[in-house]
$ cat start-v8.cif   # mmCIF, C-alpha atoms
data_input
#
loop_
_atom_site.label_atom_id
_atom_site.label_comp_id
_atom_site.auth_asym_id
_atom_site.auth_seq_id
_atom_site.Cartn_x
_atom_site.Cartn_y
_atom_site.Cartn_z
CA MET A 1 69.21 89.49 152.05
CA ALA A 2 66.42 91.47 150.40
CA LEU A 3 65.74 92.71 146.90
CA VAL A 4 66.10 96.52 146.57
CA ASN A 5 65.46 99.06 143.80
CA SER A 6 68.96 100.55 143.54
CA ALA A 7 72.56 99.40 143.50
CA GLU A 8 73.36 101.88 146.29
CA GLY A 9 71.06 100.08 148.74
CA ALA A 10 72.11 96.56 147.76
CA GLU A 11 74.36 94.25 149.74
CA ALA A 12 75.53 92.73 146.46
CA THR A 13 75.17 93.50 142.76
CA LEU A 14 75.29 91.24 139.75
CA HIS A 15 77.03 92.52 136.62
CA VAL A 16 76.32 90.62 133.40
CA SER A 17 78.36 91.33 130.29
CA LEU A 18 77.55 89.68 126.98
CA LYS A 19 80.75 88.27 125.50
CA SER A 20 79.85 86.43 122.31
CA TYR A 21 77.09 85.41 119.95
CA SER A 22 77.67 82.68 117.40
CA ARG A 23 75.82 80.48 114.95
CA GLU A 24 76.86 77.10 113.66
CA ALA A 25 75.13 75.09 110.96
CA SER A 26 73.95 71.86 112.52
CA VAL A 27 71.66 70.32 109.88
CA ALA A 28 71.97 70.65 106.09
CA ARG A 29 69.02 70.94 103.75
CA ALA A 30 68.08 67.73 101.94
CA ASP A 31 67.77 69.48 98.55
CA ASP A 32 71.08 71.41 98.87
CA THR A 33 73.69 70.17 101.34
CA GLY A 34 75.58 73.46 100.98
CA LEU A 35 72.76 75.28 102.79
CA ALA A 36 71.78 74.87 106.42
CA ARG A 37 68.27 73.98 107.55
CA LYS A 38 69.06 74.40 111.26
CA PHE A 39 71.56 76.59 113.11
CA ALA A 40 72.72 76.22 116.71
CA LEU A 41 72.79 79.73 118.20
CA THR A 42 74.97 80.36 121.24
CA LEU A 43 75.01 83.43 123.51
CA THR A 44 77.74 83.72 126.16
CA ALA A 45 77.95 86.09 129.14
CA GLU A 46 80.40 86.78 131.94
CA CYS A 47 78.75 87.28 135.33
CA THR A 48 80.34 88.96 138.33
CA LEU A 49 78.74 89.13 141.77
CA ARG A 50 80.20 91.91 143.94
CA THR A 51 79.54 92.99 147.50
CA ALA A 52 78.66 96.60 148.37
CA THR A 53 82.38 97.21 149.02
CA ALA A 54 83.13 96.11 145.43
CA LYS A 55 84.77 92.89 146.60
CA CYS A 56 84.32 90.14 144.02
CA CYS A 57 82.33 87.23 145.46
CA SER A 58 81.94 85.19 142.34
CA ARG A 59 82.82 85.31 138.66
CA THR A 60 81.49 82.84 136.16
CA ARG A 61 80.90 82.46 132.44
CA ARG A 62 77.54 81.11 131.30
CA ALA A 63 76.22 80.19 127.88
CA ALA A 64 72.86 79.34 126.37
CA GLN A 65 72.12 77.52 123.16
CA ARG A 66 68.95 77.33 121.07
CA ASP A 67 68.19 75.95 117.62
CA ALA A 68 66.89 78.13 114.78
CA TYR A 69 65.18 76.44 111.82
CA THR A 70 65.56 78.33 108.55
CA ASP A 71 62.38 77.11 106.83
CA GLN A 72 61.02 80.69 106.77
CA GLY A 73 64.44 82.27 106.16
CA GLN A 74 67.61 82.51 108.23
CA LEU A 75 67.25 86.14 109.27
CA GLN A 76 63.65 85.73 110.42
CA ALA A 77 64.53 82.53 112.28
CA GLU A 78 67.32 84.29 114.21
CA TYR A 79 65.08 87.27 115.04
CA GLN A 80 62.46 84.93 116.45
CA THR A 81 64.94 82.79 118.38
CA LEU A 82 67.00 85.59 119.96
CA PRO A 83 64.49 86.47 122.74
CA LEU A 84 64.23 82.78 123.65
CA LEU A 85 68.02 82.51 123.67
CA ALA A 86 68.29 85.55 125.96
CA GLU A 87 65.65 84.09 128.28
CA THR A 88 67.55 80.80 128.51
CA LEU A 89 70.77 82.68 129.28
CA ALA A 90 69.00 84.71 131.99
CA GLN A 91 67.74 81.49 133.59
CA ASN A 92 71.25 80.01 133.50
CA VAL A 93 72.69 83.13 135.15
CA THR A 94 69.94 83.17 137.79
CA HIS A 95 70.58 79.55 138.68
CA ALA A 96 74.35 80.09 138.80
CA VAL A 97 73.94 82.94 141.29
CA LEU A 98 71.03 81.78 143.42
CA ASP A 99 71.54 78.00 143.59
CA VAL A 100 74.28 78.42 146.23
CA TRP A 101 71.70 79.77 148.68
#
$ encode --input "start-v8.cif" --output "structure tokens"
Amino acid sequence: MALVNSAEGAEATLHVSLKSYSREASVARADDTGLARKFALTLTAECTLRTATAKCCSRTRRAAQRDAYTDQGQLQAEYQTLPLLAETLAQNVTHAVLDVW
């Protein structure tokens, strides 16, 4: 199997669809327990590997989780953490697909 530049020339294609993004407060602030100091961010994707004949070889759901600290503000913390979260998800998907070979 070789890496190619187009789906038309590929023996198999990987389709990744983002399914959900969520945040959950995981640590409260010491000065105000009603506010969060840290959020656990989760990004979930559904991955489908198909052969050139569109036959489904594999379907799996993968998730990635990263922590965002809100010391500089919640919105800024999420903006900074999102690329890292996406990178972690991409690594999880890559391992799920390629580890079988």
$ residues_around --input "start-v8.cif" --residues "segment 79-92 of chain A" --least-positions-apart "6" --cutoff "9 Å" --atoms "all atoms listed in the file" --output "list in words"
Leu41, Thr42, Leu43, Thr44, Ala45, Arg62, Ala63, Ala64, Gln65, Arg66, Asp67 and Ala68 of chain A
$ atom_distance --input "start-v8.cif" --atom1 "atom CA of Ala96 of chain A" --atom2 "atom CA of Ala77 of chain A"
28.4 Å
$ residues_around --input "start-v8.cif" --residues "Thr53 of chain A" --least-positions-apart "5" --cutoff "12 Å" --atoms "only C-alpha atoms" --output "ChimeraX atom specification"
/A:7-13
$ closest_residue --input "start-v8.cif" --among "A:Arg23, A:Asn5, A:Ala40, A:Leu14" --to "Ala52 of chain A" --atoms "only C-alpha atoms"
A:Leu14
$ closest_residue --input "start-v8.cif" --among "A:Leu18, A:Ala25, A:Ala2, A:Leu98" --to "Gln74 of chain A" --atoms "all atoms listed in the file"
A:Ala25
$ resolve_selection --input "start-v8.cif" --expression "the PyMOL selection byres ((chain A and resi 38) around 6)" --output "NGL selection string"
:A and (26-27 or 36-37 or 39 or 68-70)
$ closest_residue --input "start-v8.cif" --among "A:Cys47, A:Val97, A:Leu3, A:Cys57" --to "Lys19 of chain A" --atoms "all atoms listed in the file"
A:Cys47
$ atom_distance --input "start-v8.cif" --atom1 "atom CA of Ser17 of chain A" --atom2 "atom CA of Glu46 of chain A"
5.3 Å
$ atom_distance --input "start-v8.cif" --atom1 "atom CA of Arg59 of chain A" --atom2 "atom CA of His95 of chain A"
13.5 Å
$ closest_residue --input "start-v8.cif" --among "A:Arg29, A:Val16, A:Ser6, A:Ser22" --to "Asp71 of chain A" --atoms "all atoms listed in the file"
A:Arg29
